[in-house]
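A.B. asks: Sharing structure.txt here; it has compact mmCIF, C-alpha atoms and all ligand atoms.
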# COMPACT_ATOMS: atom_id res chain seq x y z
CA MET A 1 -48.72 7.05 -33.88
CA ASN A 2 -46.41 4.09 -33.39
CA SER A 3 -49.06 1.55 -32.54
CA LEU A 4 -50.90 2.60 -35.64
CA THR A 5 -48.10 2.08 -38.09
CA SER A 6 -47.33 -1.44 -36.95
CA SER A 7 -50.85 -2.75 -36.55
CA LEU A 8 -53.35 -1.21 -38.87
CA PRO A 9 -56.90 -1.55 -37.69
CA THR A 10 -58.66 -4.27 -39.54
CA ASN A 11 -62.35 -4.35 -39.92
CA LYS A 12 -64.79 -6.73 -38.44
CA GLY A 13 -67.96 -6.94 -40.41
CA PRO A 14 -68.72 -4.96 -43.52
CA ARG A 15 -68.14 -1.26 -43.02
CA PRO A 16 -69.41 1.05 -44.25
CA ASP A 17 -72.88 -0.45 -44.30
CA SER A 18 -75.56 1.07 -46.50
CA ARG A 19 -76.67 3.51 -43.80
CA GLU A 20 -73.15 4.74 -43.32
CA ARG A 21 -72.64 4.96 -47.07
CA ASP A 22 -75.73 7.12 -47.35
CA PHE A 23 -74.39 9.39 -44.65
CA VAL A 24 -71.04 9.67 -46.43
CA ASP A 25 -72.75 10.46 -49.75
CA GLU A 26 -74.93 13.07 -48.15
CA THR A 27 -71.97 14.65 -46.32
CA ILE A 28 -69.96 14.82 -49.52
CA THR A 29 -72.80 16.53 -51.35
CA ARG A 30 -73.28 18.99 -48.52
CA ARG A 31 -69.61 19.87 -48.19
CA SER A 32 -68.06 19.46 -51.59
CA GLY A 33 -66.96 22.39 -53.71
CA ARG A 34 -65.58 24.29 -50.78
CA PRO A 35 -61.85 24.51 -50.15
CA GLY A 36 -60.75 22.09 -47.48
CA ALA A 37 -63.93 20.08 -47.97
CA LEU A 38 -62.16 16.81 -47.30
CA LEU A 39 -61.35 17.77 -43.71
CA GLY A 40 -64.97 18.64 -43.02
CA ILE A 41 -66.19 15.43 -44.63
CA LEU A 42 -63.80 13.32 -42.59
CA GLU A 43 -64.73 15.13 -39.40
CA ASP A 44 -68.47 14.69 -39.93
CA VAL A 45 -68.14 11.04 -40.86
CA GLN A 46 -65.95 10.29 -37.86
CA GLU A 47 -68.32 12.05 -35.49
CA HIS A 48 -71.24 10.09 -36.91
CA ALA A 49 -69.55 6.69 -36.99
CA GLU A 50 -70.05 4.13 -34.27
CA GLY A 51 -66.94 4.23 -32.10
CA LYS A 52 -66.17 7.73 -33.46
CA TYR A 53 -63.38 6.56 -35.71
CA LEU A 54 -62.57 6.22 -39.37
CA CYS A 55 -62.08 2.64 -40.42
CA LEU A 56 -60.08 1.81 -43.53
CA ASP A 57 -63.08 0.70 -45.56
CA THR A 58 -64.91 3.93 -44.81
CA LEU A 59 -61.81 5.87 -45.84
CA ALA A 60 -61.57 3.89 -49.06
CA TYR A 61 -65.22 4.66 -49.75
CA ILE A 62 -64.71 8.40 -49.12
CA ALA A 63 -61.62 8.32 -51.33
CA GLN A 64 -63.56 6.71 -54.13
CA ARG A 65 -66.52 9.10 -53.85
CA THR A 66 -64.40 12.24 -53.67
CA GLY A 67 -61.80 11.14 -56.21
CA THR A 68 -59.05 11.48 -53.63
CA PRO A 69 -56.03 9.19 -53.94
CA LEU A 70 -55.93 6.61 -51.14
CA SER A 71 -52.45 7.66 -50.08
CA GLN A 72 -53.54 11.27 -49.81
CA ILE A 73 -56.55 10.55 -47.64
CA PHE A 74 -54.39 8.42 -45.35
CA SER A 75 -51.87 11.22 -45.20
CA VAL A 76 -54.52 13.70 -44.09
CA VAL A 77 -56.03 11.37 -41.52
CA THR A 78 -52.68 10.58 -39.93
CA PHE A 79 -51.48 14.20 -40.00
CA TYR A 80 -54.29 15.70 -37.94
CA SER A 81 -54.53 14.35 -34.41
CA LEU A 82 -58.26 15.06 -34.53
CA PHE A 83 -58.80 11.90 -36.55
CA SER A 84 -58.72 8.43 -35.10
CA LEU A 85 -58.21 5.16 -36.91
CA THR A 86 -59.20 3.12 -33.90
CA PRO A 87 -62.45 3.20 -31.88
CA GLN A 88 -62.77 6.00 -29.35
CA GLY A 89 -64.90 6.36 -26.23
CA GLU A 90 -68.33 8.01 -26.21
CA HIS A 91 -66.86 11.03 -24.51
CA ILE A 92 -63.55 12.50 -25.54
CA ILE A 93 -61.58 14.63 -23.15
CA SER A 94 -58.52 16.31 -24.58
CA ILE A 95 -55.95 17.72 -22.22
CA CYS A 96 -53.53 20.29 -23.52
CA ARG A 97 -49.91 19.42 -22.87
CA GLY A 98 -48.53 22.48 -24.58
CA THR A 99 -45.96 24.64 -22.82
CA ALA A 100 -48.33 27.19 -21.31
CA CYS A 101 -50.69 24.53 -20.02
CA HIS A 102 -47.83 22.43 -18.77
CA THR A 103 -46.50 25.25 -16.63
CA ARG A 104 -49.97 25.69 -15.23
CA GLY A 105 -50.28 22.12 -14.12
CA SER A 106 -51.76 20.15 -17.00
CA ARG A 107 -49.75 17.08 -16.05
CA ASP A 108 -51.57 16.89 -12.73
CA LEU A 109 -54.90 17.25 -14.50
CA LEU A 110 -54.02 14.37 -16.77
CA GLU A 111 -52.94 12.18 -13.86
CA LYS A 112 -56.04 13.06 -11.88
CA LEU A 113 -58.32 12.24 -14.77
CA ARG A 114 -56.54 9.02 -15.53
CA LEU A 115 -56.86 7.83 -11.94
CA GLU A 116 -60.44 8.98 -11.68
CA LEU A 117 -61.45 7.00 -14.73
CA GLY A 118 -59.32 4.04 -13.67
CA MET A 119 -57.23 4.03 -16.80
CA ALA A 120 -53.82 2.46 -17.22
CA GLU A 121 -50.82 4.40 -18.48
CA GLY A 122 -51.87 3.88 -22.09
CA ASP A 123 -49.67 3.84 -25.12
CA GLY A 124 -48.01 6.58 -27.09
CA GLN A 125 -45.13 8.80 -26.11
CA ALA A 126 -45.38 11.25 -23.28
CA ASP A 127 -46.29 14.05 -25.67
CA LYS A 128 -49.01 12.21 -27.50
CA LEU A 129 -51.25 9.92 -25.58
CA THR A 130 -54.59 8.32 -26.26
CA ILE A 131 -56.28 6.06 -23.73
CA THR A 132 -59.79 4.67 -23.85
CA SER A 133 -61.46 3.25 -20.75
CA ALA A 134 -62.28 -0.45 -20.74
CA ASP A 135 -66.03 0.23 -20.84
CA GLY A 136 -65.60 2.39 -23.93
CA LYS A 137 -67.14 5.43 -22.24
CA PHE A 138 -64.18 7.76 -22.14
CA THR A 139 -61.17 8.56 -24.23
CA ILE A 140 -58.46 10.80 -22.86
CA ARG A 141 -56.17 12.42 -25.38
CA THR A 142 -53.36 14.86 -25.10
CA VAL A 143 -52.92 17.66 -27.59
CA ALA A 144 -49.97 19.95 -28.20
CA CYS A 145 -51.69 23.36 -27.92
CA PHE A 146 -55.20 24.61 -28.50
CA GLY A 147 -53.99 28.11 -29.25
CA GLN A 148 -55.84 29.31 -26.15
CA CYS A 149 -52.80 29.65 -23.97
CA ALA A 150 -54.18 32.72 -22.18
CA MET A 151 -56.76 30.41 -20.62
CA ALA A 152 -54.23 27.77 -19.57
CA PRO A 153 -54.65 25.08 -18.49
CA VAL A 154 -57.09 24.19 -21.23
CA VAL A 155 -59.15 21.02 -21.45
CA GLU A 156 -61.61 20.14 -24.18
CA VAL A 157 -64.63 18.13 -23.12
CA ASP A 158 -66.58 16.72 -26.06
CA HIS A 159 -65.65 19.62 -28.36
CA ARG A 160 -66.22 22.20 -25.65
CA ILE A 161 -63.14 24.23 -24.73
CA CYS A 162 -62.84 24.79 -20.99
CA GLY A 163 -60.20 27.26 -19.85
CA HIS A 164 -58.62 27.86 -16.44
CA MET A 165 -59.27 24.25 -15.57
CA ASN A 166 -58.59 22.82 -12.14
CA GLU A 167 -59.00 19.37 -10.63
CA ARG A 168 -62.26 20.23 -8.88
CA VAL A 169 -63.96 21.50 -12.03
CA LEU A 170 -62.61 18.62 -14.06
CA THR A 171 -64.08 16.12 -11.60
CA ARG A 172 -67.41 17.92 -11.88
CA GLU A 173 -67.30 17.76 -15.66
CA VAL A 174 -66.67 14.04 -15.57
CA GLU A 175 -69.50 13.53 -13.09
CA ALA A 176 -71.83 15.46 -15.36
CA LEU A 177 -70.91 13.19 -18.25
CA HIS A 178 -71.54 10.12 -16.09
CA GLN A 179 -74.90 11.51 -15.09
CA GLU A 180 -75.83 12.34 -18.65
CA LYS A 181 -75.29 8.68 -19.45
CA ALA A 182 -77.41 7.54 -16.51
CA ARG A 183 -80.40 9.54 -17.66
CA MET B 1 -47.73 38.11 -71.37
CA PRO B 2 -44.28 39.70 -71.17
CA GLN B 3 -42.48 38.69 -68.03
CA THR B 4 -41.64 41.39 -65.55
CA LYS B 5 -37.92 41.78 -65.22
CA LEU B 6 -36.34 42.15 -61.83
CA SER B 7 -32.82 42.69 -60.75
CA ILE B 8 -31.43 41.12 -57.66
CA ARG B 9 -28.00 40.81 -56.13
CA ILE B 10 -26.56 37.39 -55.52
CA ASP B 11 -23.41 37.42 -53.44
CA GLY B 12 -22.94 41.01 -54.52
CA GLU B 13 -23.29 40.38 -58.24
CA LEU B 14 -26.17 42.03 -60.03
CA VAL B 15 -28.24 39.48 -61.93
CA GLN B 16 -31.47 39.55 -63.85
CA ALA B 17 -34.51 37.61 -62.74
CA PHE B 18 -38.11 37.27 -63.85
CA ALA B 19 -41.11 37.73 -61.62
CA GLY B 20 -42.25 34.38 -60.27
CA GLU B 21 -38.83 32.80 -60.34
CA THR B 22 -37.40 31.41 -57.15
CA ILE B 23 -34.06 32.49 -55.73
CA LEU B 24 -32.76 29.02 -56.52
CA THR B 25 -33.60 29.28 -60.22
CA VAL B 26 -31.96 32.66 -60.51
CA ALA B 27 -28.91 31.66 -58.50
CA ARG B 28 -28.35 28.54 -60.54
CA ARG B 29 -28.64 30.44 -63.79
CA ALA B 30 -25.97 32.75 -62.42
CA GLY B 31 -23.74 29.76 -61.83
CA ARG B 32 -24.11 29.56 -58.07
CA PHE B 33 -24.09 26.23 -56.34
CA ILE B 34 -26.67 25.91 -53.58
CA PRO B 35 -27.03 22.45 -52.08
CA THR B 36 -30.51 20.97 -52.46
CA LEU B 37 -32.13 17.62 -51.75
CA CYS B 38 -35.89 17.96 -52.00
CA HIS B 39 -35.70 20.15 -55.11
CA PHE B 40 -35.94 18.22 -58.37
CA GLU B 41 -35.92 19.92 -61.75
CA GLY B 42 -39.43 19.91 -63.17
CA LEU B 43 -41.28 19.22 -59.93
CA ARG B 44 -43.09 21.76 -57.79
CA ASP B 45 -41.01 22.76 -54.77
CA VAL B 46 -42.08 22.14 -51.21
CA GLY B 47 -39.12 23.31 -49.10
CA ALA B 48 -38.80 20.09 -47.16
CA CYS B 49 -35.08 19.57 -46.66
CA ARG B 50 -33.90 23.09 -45.75
CA LEU B 51 -30.48 22.57 -47.29
CA CYS B 52 -30.96 25.40 -49.76
CA ILE B 53 -31.25 28.10 -47.11
CA VAL B 54 -29.82 31.49 -48.03
CA GLU B 55 -29.50 34.85 -46.34
CA VAL B 56 -31.69 37.65 -47.62
CA SER B 57 -30.76 41.12 -46.43
CA GLY B 58 -33.44 42.66 -44.32
CA SER B 59 -34.63 39.30 -43.10
CA GLY B 60 -33.13 37.89 -39.94
CA ARG B 61 -34.34 34.44 -40.79
CA LEU B 62 -32.70 32.13 -43.27
CA LEU B 63 -34.98 31.42 -46.21
CA PRO B 64 -35.18 28.37 -48.46
CA ALA B 65 -34.01 29.39 -51.93
CA CYS B 66 -36.25 26.83 -53.64
CA THR B 67 -39.53 28.30 -52.42
CA THR B 68 -38.69 31.97 -51.93
CA PRO B 69 -39.61 34.10 -54.94
CA ALA B 70 -37.07 36.60 -56.19
CA GLN B 71 -38.07 40.19 -55.53
CA ASP B 72 -36.79 43.33 -57.16
CA GLY B 73 -33.85 44.79 -55.29
CA MET B 74 -33.34 41.72 -53.16
CA ALA B 75 -29.80 40.99 -51.94
CA VAL B 76 -29.09 37.32 -51.42
CA THR B 77 -26.08 35.63 -49.87
CA THR B 78 -25.58 31.99 -50.81
CA VAL B 79 -22.27 31.33 -49.08
CA SER B 80 -21.38 32.33 -45.53
CA PRO B 81 -20.04 30.65 -42.38
CA ARG B 82 -23.51 30.87 -40.83
CA LEU B 83 -25.13 29.14 -43.80
CA ALA B 84 -22.43 26.50 -43.87
CA ALA B 85 -22.98 25.76 -40.20
CA TYR B 86 -26.74 25.39 -40.57
CA ARG B 87 -26.55 23.35 -43.75
CA ARG B 88 -24.08 21.06 -42.11
CA MET B 89 -26.30 20.62 -39.08
CA THR B 90 -29.28 19.84 -41.31
CA LEU B 91 -27.30 17.22 -43.16
CA GLU B 92 -26.08 15.68 -39.92
CA LEU B 93 -29.65 15.48 -38.65
CA LEU B 94 -30.73 13.76 -41.85
CA LEU B 95 -27.94 11.25 -41.43
CA ALA B 96 -28.76 10.67 -37.78
CA GLU B 97 -32.49 10.22 -38.32
CA ARG B 98 -32.42 6.84 -40.05
CA ASN B 99 -29.78 4.42 -41.18
CA HIS B 100 -27.28 5.58 -43.76
CA LEU B 101 -24.64 2.91 -43.69
CA CYS B 102 -23.30 3.69 -47.15
CA ALA B 103 -20.97 0.70 -47.24
CA VAL B 104 -23.91 -1.68 -47.63
CA CYS B 105 -26.21 0.51 -49.72
CA VAL B 106 -27.16 -0.09 -53.37
CA SER B 107 -26.64 3.61 -53.98
CA ASN B 108 -23.21 3.86 -52.39
CA SER B 109 -21.17 6.39 -54.39
CA ASN B 110 -24.27 7.22 -56.45
CA CYS B 111 -26.25 8.99 -53.75
CA GLU B 112 -27.14 12.68 -53.51
CA LEU B 113 -27.11 12.66 -49.73
CA GLN B 114 -23.67 11.10 -49.65
CA ALA B 115 -22.37 13.39 -52.40
CA LEU B 116 -23.47 16.49 -50.52
CA ALA B 117 -22.09 15.21 -47.24
CA THR B 118 -18.76 14.65 -48.96
CA ALA B 119 -18.83 18.03 -50.70
CA MET B 120 -19.68 19.78 -47.45
CA GLY B 121 -17.05 17.92 -45.48
CA VAL B 122 -19.45 16.14 -43.16
CA THR B 123 -17.19 13.39 -41.91
CA SER B 124 -18.82 12.86 -38.56
CA VAL B 125 -22.21 13.39 -36.98
CA ARG B 126 -22.40 15.04 -33.59
CA PHE B 127 -25.84 13.64 -32.80
CA ARG B 128 -26.66 10.17 -31.62
CA TYR B 129 -27.97 8.01 -34.49
CA ARG B 130 -31.56 7.03 -34.03
CA TYR B 131 -31.37 3.88 -36.13
CA PRO B 132 -35.05 3.01 -36.04
CA LYS B 133 -35.74 -0.44 -37.38
CA LEU B 134 -37.97 0.34 -40.30
CA PRO B 135 -39.36 -2.17 -42.77
CA VAL B 136 -38.16 -2.76 -46.31
CA ASP B 137 -40.97 -3.12 -48.84
CA LEU B 138 -40.06 -5.86 -51.32
CA SER B 139 -43.58 -6.41 -52.61
CA HIS B 140 -43.15 -4.64 -55.94
CA PRO B 141 -42.02 -6.96 -58.74
CA ARG B 142 -39.26 -4.64 -59.96
CA PHE B 143 -38.45 -2.13 -57.24
CA VAL B 144 -37.71 -1.93 -53.51
CA LEU B 145 -38.42 0.72 -50.91
CA ASP B 146 -36.12 0.77 -47.91
CA HIS B 147 -37.52 3.21 -45.37
CA ASN B 148 -34.25 3.17 -43.49
CA ARG B 149 -32.62 5.20 -46.25
CA CYS B 150 -35.49 7.61 -46.79
CA ILE B 151 -34.92 11.29 -46.01
CA LEU B 152 -38.59 12.25 -46.50
CA CYS B 153 -37.81 14.64 -49.33
CA SER B 154 -41.12 13.72 -51.02
CA ARG B 155 -39.65 13.72 -54.54
CA CYS B 156 -41.18 10.28 -55.16
CA ILE B 157 -44.57 11.55 -54.04
CA ARG B 158 -44.49 14.57 -56.32
CA VAL B 159 -43.18 12.83 -59.40
CA CYS B 160 -45.76 10.06 -59.11
CA ALA B 161 -48.67 12.42 -58.44
CA ASP B 162 -47.79 15.32 -60.72
CA VAL B 163 -45.88 13.75 -63.59
CA GLU B 164 -47.08 10.16 -63.77
CA GLY B 165 -50.53 11.09 -62.46
CA ALA B 166 -50.78 7.93 -60.38
CA HIS B 167 -50.43 9.41 -56.86
CA VAL B 168 -49.40 6.09 -55.38
CA TRP B 169 -47.26 7.73 -52.68
CA ASP B 170 -47.93 10.15 -49.90
CA MET B 171 -46.58 10.99 -46.46
CA MET B 172 -48.27 9.65 -43.37
CA SER B 173 -48.15 11.06 -39.89
CA ARG B 174 -45.65 13.75 -38.95
CA GLY B 175 -42.54 14.53 -36.99
CA VAL B 176 -40.51 11.53 -36.12
CA GLY B 177 -43.32 9.17 -37.12
CA ALA B 178 -43.52 10.48 -40.70
CA ARG B 179 -43.20 7.84 -43.36
CA VAL B 180 -43.68 7.52 -47.10
CA ILE B 181 -46.66 5.28 -47.79
CA SER B 182 -48.24 3.76 -50.84
CA ASP B 183 -52.03 3.83 -50.84
CA MET B 184 -53.30 3.41 -47.29
CA ASN B 185 -50.01 2.19 -45.91
CA ARG B 186 -50.24 -1.00 -47.94
CA PRO B 187 -47.47 -2.94 -49.66
CA TRP B 188 -46.35 -1.16 -52.82
CA GLY B 189 -46.83 -4.26 -54.94
CA GLU B 190 -50.55 -4.17 -54.11
CA ALA B 191 -51.09 -0.63 -55.36
CA PRO B 192 -53.38 -0.96 -58.37
CA GLY B 193 -52.51 2.58 -59.50
CA CYS B 194 -48.78 1.91 -59.92
CA THR B 195 -47.86 1.67 -63.57
CA GLY B 196 -44.34 0.47 -62.80
CA CYS B 197 -42.88 3.44 -64.66
CA GLY B 198 -39.96 3.78 -62.26
CA LYS B 199 -40.11 7.59 -62.07
CA CYS B 200 -40.13 7.54 -58.27
CA VAL B 201 -37.04 5.35 -58.28
CA GLN B 202 -35.18 7.74 -60.58
CA ALA B 203 -36.30 10.78 -58.59
CA CYS B 204 -35.23 9.40 -55.22
CA PRO B 205 -31.97 11.03 -54.10
CA THR B 206 -30.87 8.12 -51.90
CA GLY B 207 -30.94 4.34 -51.92
CA ALA B 208 -34.45 4.34 -50.43
CA LEU B 209 -36.02 3.55 -53.79
CA ALA B 210 -34.05 1.26 -56.04
CA GLU B 211 -34.34 -1.40 -58.66
CA LYS B 212 -34.45 -4.94 -57.46
CA GLY B 213 -31.58 -7.38 -57.74
CA LEU B 214 -28.76 -4.87 -57.47
CA ALA B 215 -25.75 -5.16 -55.23
CA VAL B 216 -23.90 -2.46 -53.31
CA GLU B 217 -23.04 0.58 -55.48
CA GLU B 218 -25.00 -0.71 -58.48
CA MET B 219 -27.96 1.65 -58.44
CA THR B 220 -27.23 4.74 -60.48
CA LYS B 221 -29.72 7.51 -61.06
CA ARG B 222 -29.79 10.40 -63.45
CA GLY B 223 -30.39 13.08 -60.82
CA GLU B 224 -27.35 12.02 -58.91
CA ARG B 225 -25.10 12.19 -61.96
CA ALA B 226 -26.20 15.77 -62.58
CA LEU B 227 -25.42 16.66 -58.99
CA GLN B 228 -21.98 15.09 -59.09
CA GLY B 229 -21.19 17.11 -62.20
CA ALA B 230 -22.35 20.31 -60.53
CA ILE B 231 -20.29 19.64 -57.44
CA ARG B 232 -17.20 19.01 -59.56
CA GLN B 233 -17.67 22.27 -61.40
CA GLY B 234 -18.70 24.07 -58.25
CA GLY B 235 -21.34 25.69 -60.35
CA ARG B 236 -24.28 25.22 -62.61
CA LEU B 237 -26.77 22.39 -62.08
S1 LIG C 1 -43.27 3.25 -60.56
FE1 LIG C 1 -44.31 5.09 -61.47
S2 LIG C 1 -46.49 4.75 -61.01
FE2 LIG C 1 -45.36 3.30 -59.69
S3 LIG C 1 -45.12 4.39 -57.76
FE3 LIG C 1 -43.26 4.86 -58.97
S4 LIG C 1 -43.76 6.78 -60.08
FE4 LIG C 1 -45.70 5.95 -59.30
S1 LIG C 2 -38.31 7.35 -50.83
FE1 LIG C 2 -36.66 8.59 -51.75
S2 LIG C 2 -37.75 10.15 -52.98
FE2 LIG C 2 -39.24 9.27 -51.58
S3 LIG C 2 -39.23 10.64 -49.81
FE3 LIG C 2 -37.81 8.95 -49.33
S4 LIG C 2 -35.81 9.72 -49.98
FE4 LIG C 2 -37.34 11.06 -50.96
S1 LIG C 3 -50.36 25.44 -24.40
FE1 LIG C 3 -52.33 24.81 -23.93
S2 LIG C 3 -53.53 26.07 -25.19
FE2 LIG C 3 -51.53 26.63 -25.76
S1 LIG C 4 -34.16 22.18 -51.82
FE1 LIG C 4 -35.00 23.87 -50.86
S2 LIG C 4 -35.76 23.06 -48.99
FE2 LIG C 4 -35.01 21.29 -50.05
For this file, produce the structure as structure tokens.
Ligand code: SF4
Ligand code: SF4
Ligand code: FES
Ligand code: FES
C.D. replies:
Amino acid sequence: MNSLTSSLPTNKGPRPDSRERDFVDETITRRSGRPGALLGILEDVQEHAEGKYLCLDTLAYIAQRTGTPLSQIFSVVTFYSLFSLTPQGEHIISICRGTACHTRGSRDLLEKLRLELGMAEGDGQADKLTITSADGKFTIRTVACFGQCAMAPVVEVDHRICGHMNERVLTREVEALHQEKAR
Amino acid sequence: MPQTKLSIRIDGELVQAFAGETILTVARRAGRFIPTLCHFEGLRDVGACRLCIVEVSGSGRLLPACTTPAQDGMAVTTVSPRLAAYRRMTLELLLAERNHLCAVCVSNSNCELQALATAMGVTSVRFRYRYPKLPVDLSHPRFVLDHNRCILCSRCIRVCADVEGAHVWDMMSRGVGARVISDMNRPWGEAPGCTGCGKCVQACPTGALAEKGLAVEEMTKRGERALQGAIRQGGRL
């Protein structure tokens, strides 16, 4: 979170454009009225956005449309590691670095993946890391615990939880994602 | 609706409470002094500072008095060596987390953190000071925010959102990266919602929020004066 506090992402070009605004409006209508609606709205908008991130202008727009104070929306977005304020890769692989997964070798999985995708060390502290490959295809993130410790080590590949992960399977998953792109 | 009466024991003494009241409210009415930092009369409680912990018989854990509702038949201990040790540790951690060099602070000798540290005999800190270099926001025409003195009690956030209705402040991030922000982490002076009422400044227990143009020891706040009085009496707040 350090990099984020010092250099806030600034926006190139007008965002949200009218298409994005329509999507935000539609999402708000679909989700509003339910408790915790804001989280769902933010998640949908991030998933839909180019670069899978929430830029400040989009956040300001959501704040205005939902009547949420700006400070509160920023608080929510920076509290949950699910949200990103900077562009992310097309595919997001989250490696659990919680205790159970750590004891079952999640550090090796992280190293393996990092080398395989040719990524540098990346920024962030050891416990919280986000790296995106130069070609913008992959983002590797670490998370603290998925709450699926019985299946440790756990890796999430594009919102799919994969338990009992090992290096061989992880390599296969990455290959599959590469292939998917090639098609 | 008539309020349901409860009776609870505080440090052995039988006292009356009403359903919905917190242990802190009841204990204070009974003249007990429980140290608090994030609690502020009139604001909703969040249990952020953990200084107000008390022992409740039947529960192995220590509970925050400000957010734990009184229950009929409850027996609460507000003073014990165990509580003193934990409260002291909490205070030391608060002091170690940022920069509390009182000698150069506008709130020196008018600070709730300092007053409690003095009252609790915290003369040294056993942890290494973190001393992060955090910014000072001077953008507001009348007030300053010095993050280095902030203890993240969130009193400014609550008073601005719930009393003034402006909700300029909130807390970003979490853990060691947590920080009070105005709007989307913008300079305070640029917040269109800020009415300049100064409530956040008055509610802040430390020198983190202060009026501009003051020298060391010149910032006095009402909350702090009440606390000093309570410490002197060893009782009612
Ligand atoms: S001066 Fe008043 S309106 Fe402005 S931030 Fe403080 S409490 Fe909110
Ligand atoms: S600025 Fe003051 S009132 Fe606000 S969280 Fe920090 S210490 Fe508490
Ligand atoms: S530690 Fe990895 S899922 Fe809990
Ligand atoms: S006063 Fe109770 S937790 Fe701060």
A.B. asks: Could you please select, counting all atoms listed in the file, the residues of chain B within 9 Å of chain A and state them as a VMD selection string?
C.D. replies: chain B and resid 166 to 174 177 to 178 181 to 185
A.B. asks: Residues within 8 Å of ligand LIG 3 (chain C), counting only C-alpha atoms and all ligand atoms: report them as a list in words.
C.D. replies: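 These are the residues that qualify: Cys96, Arg97, Gly98, Thr99, Ala100, Cys101, His102, Ala144, Cys145, Phe146, Gly147, Gln148, Cys149, Ala150, Met151, Ala152, Pro153 and Val154 of chain A.
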A.B. asks: Write out as a ChimeraX atom specification each polymer residue (protein, DNA or RNA) that has an atom no more than 12 Å from ligand LIG 1 (chain C), with all atoms listed in the file counted.
C.D. replies: /A:71 /B:140-145,154-170,180-183,187-204,209-211
A.B. asks: Which chains and residue numbers are within 10 Å of ligand LIG 4 (chain C), counting all atoms listed in the file, if I want them as a ChimeraX atom specification?
C.D. replies: /B:23-24,34-40,45-54,63-68,153-155
A.B. asks: Within 12 Å of Ile93 (chain A), counting only C-alpha atoms, which residues qualify if same-chain residues fewer than 5 places away don't, as a PDB file with C-alpha atoms, keeping the file's coordinate frame?
C.D. replies:
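This is the output file around-v1.pdb:
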ATOM      1  CA  LEU A  82     -58.260  15.060 -34.530  1.00  0.00           C
ATOM      2  CA  GLN A  88     -62.770   6.000 -29.350  1.00  0.00           C
ATOM      3  CA  LEU A 109     -54.900  17.250 -14.500  1.00  0.00           C
ATOM      4  CA  LEU A 110     -54.020  14.370 -16.770  1.00  0.00           C
ATOM      5  CA  LEU A 113     -58.320  12.240 -14.770  1.00  0.00           C
ATOM      6  CA  ARG A 114     -56.540   9.020 -15.530  1.00  0.00           C
ATOM      7  CA  LEU A 117     -61.450   7.000 -14.730  1.00  0.00           C
ATOM      8  CA  LEU A 129     -51.250   9.920 -25.580  1.00  0.00           C
ATOM      9  CA  THR A 130     -54.590   8.320 -26.260  1.00  0.00           C
ATOM     10  CA  ILE A 131     -56.280   6.060 -23.730  1.00  0.00           C
ATOM     11  CA  THR A 132     -59.790   4.670 -23.850  1.00  0.00           C
ATOM     12  CA  SER A 133     -61.460   3.250 -20.750  1.00  0.00           C
ATOM     13  CA  LYS A 137     -67.140   5.430 -22.240  1.00  0.00           C
ATOM     14  CA  PHE A 138     -64.180   7.760 -22.140  1.00  0.00           C
ATOM     15  CA  THR A 139     -61.170   8.560 -24.230  1.00  0.00           C
ATOM     16  CA  ILE A 140     -58.460  10.800 -22.860  1.00  0.00           C
ATOM     17  CA  ARG A 141     -56.170  12.420 -25.380  1.00  0.00           C
ATOM     18  CA  THR A 142     -53.360  14.860 -25.100  1.00  0.00           C
ATOM     19  CA  VAL A 143     -52.920  17.660 -27.590  1.00  0.00           C
ATOM     20  CA  VAL A 154     -57.090  24.190 -21.230  1.00  0.00           C
ATOM     21  CA  VAL A 155     -59.150  21.020 -21.450  1.00  0.00           C
ATOM     22  CA  GLU A 156     -61.610  20.140 -24.180  1.00  0.00           C
ATOM     23  CA  VAL A 157     -64.630  18.130 -23.120  1.00  0.00           C
ATOM     24  CA  ASP A 158     -66.580  16.720 -26.060  1.00  0.00           C
ATOM     25  CA  HIS A 159     -65.650  19.620 -28.360  1.00  0.00           C
ATOM     26  CA  ARG A 160     -66.220  22.200 -25.650  1.00  0.00           C
ATOM     27  CA  ILE A 161     -63.140  24.230 -24.730  1.00  0.00           C
ATOM     28  CA  CYS A 162     -62.840  24.790 -20.990  1.00  0.00           C
ATOM     29  CA  LEU A 170     -62.610  18.620 -14.060  1.00  0.00           C
ATOM     30  CA  THR A 171     -64.080  16.120 -11.600  1.00  0.00           C
ATOM     31  CA  GLU A 173     -67.300  17.760 -15.660  1.00  0.00           C
ATOM     32  CA  VAL A 174     -66.670  14.040 -15.570  1.00  0.00           C
ATOM     33  CA  LEU A 177     -70.910  13.190 -18.250  1.00  0.00           C
TER      34      LEU A 177
END
A.B. asks: Using all atoms listed in the file, pick whichever of B:Leu83, B:Ala226, B:Leu62, B:Ala208 has the shortest atom-to-atom distance to ligand LIG 2 (chain C).
C.D. replies: B:Ala208
A.B. asks: Any idea what's packed within 9 Å of Leu42 (chain A), counting only C-alpha atoms, ignoring anything in its chain fewer than 5 positions away? Could you give it as a list in words?
C.D. replies: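 That gives Val24, Ala37, Glu47, Leu54, Leu59, Ile62, Val77 and Phe83 of chain A.
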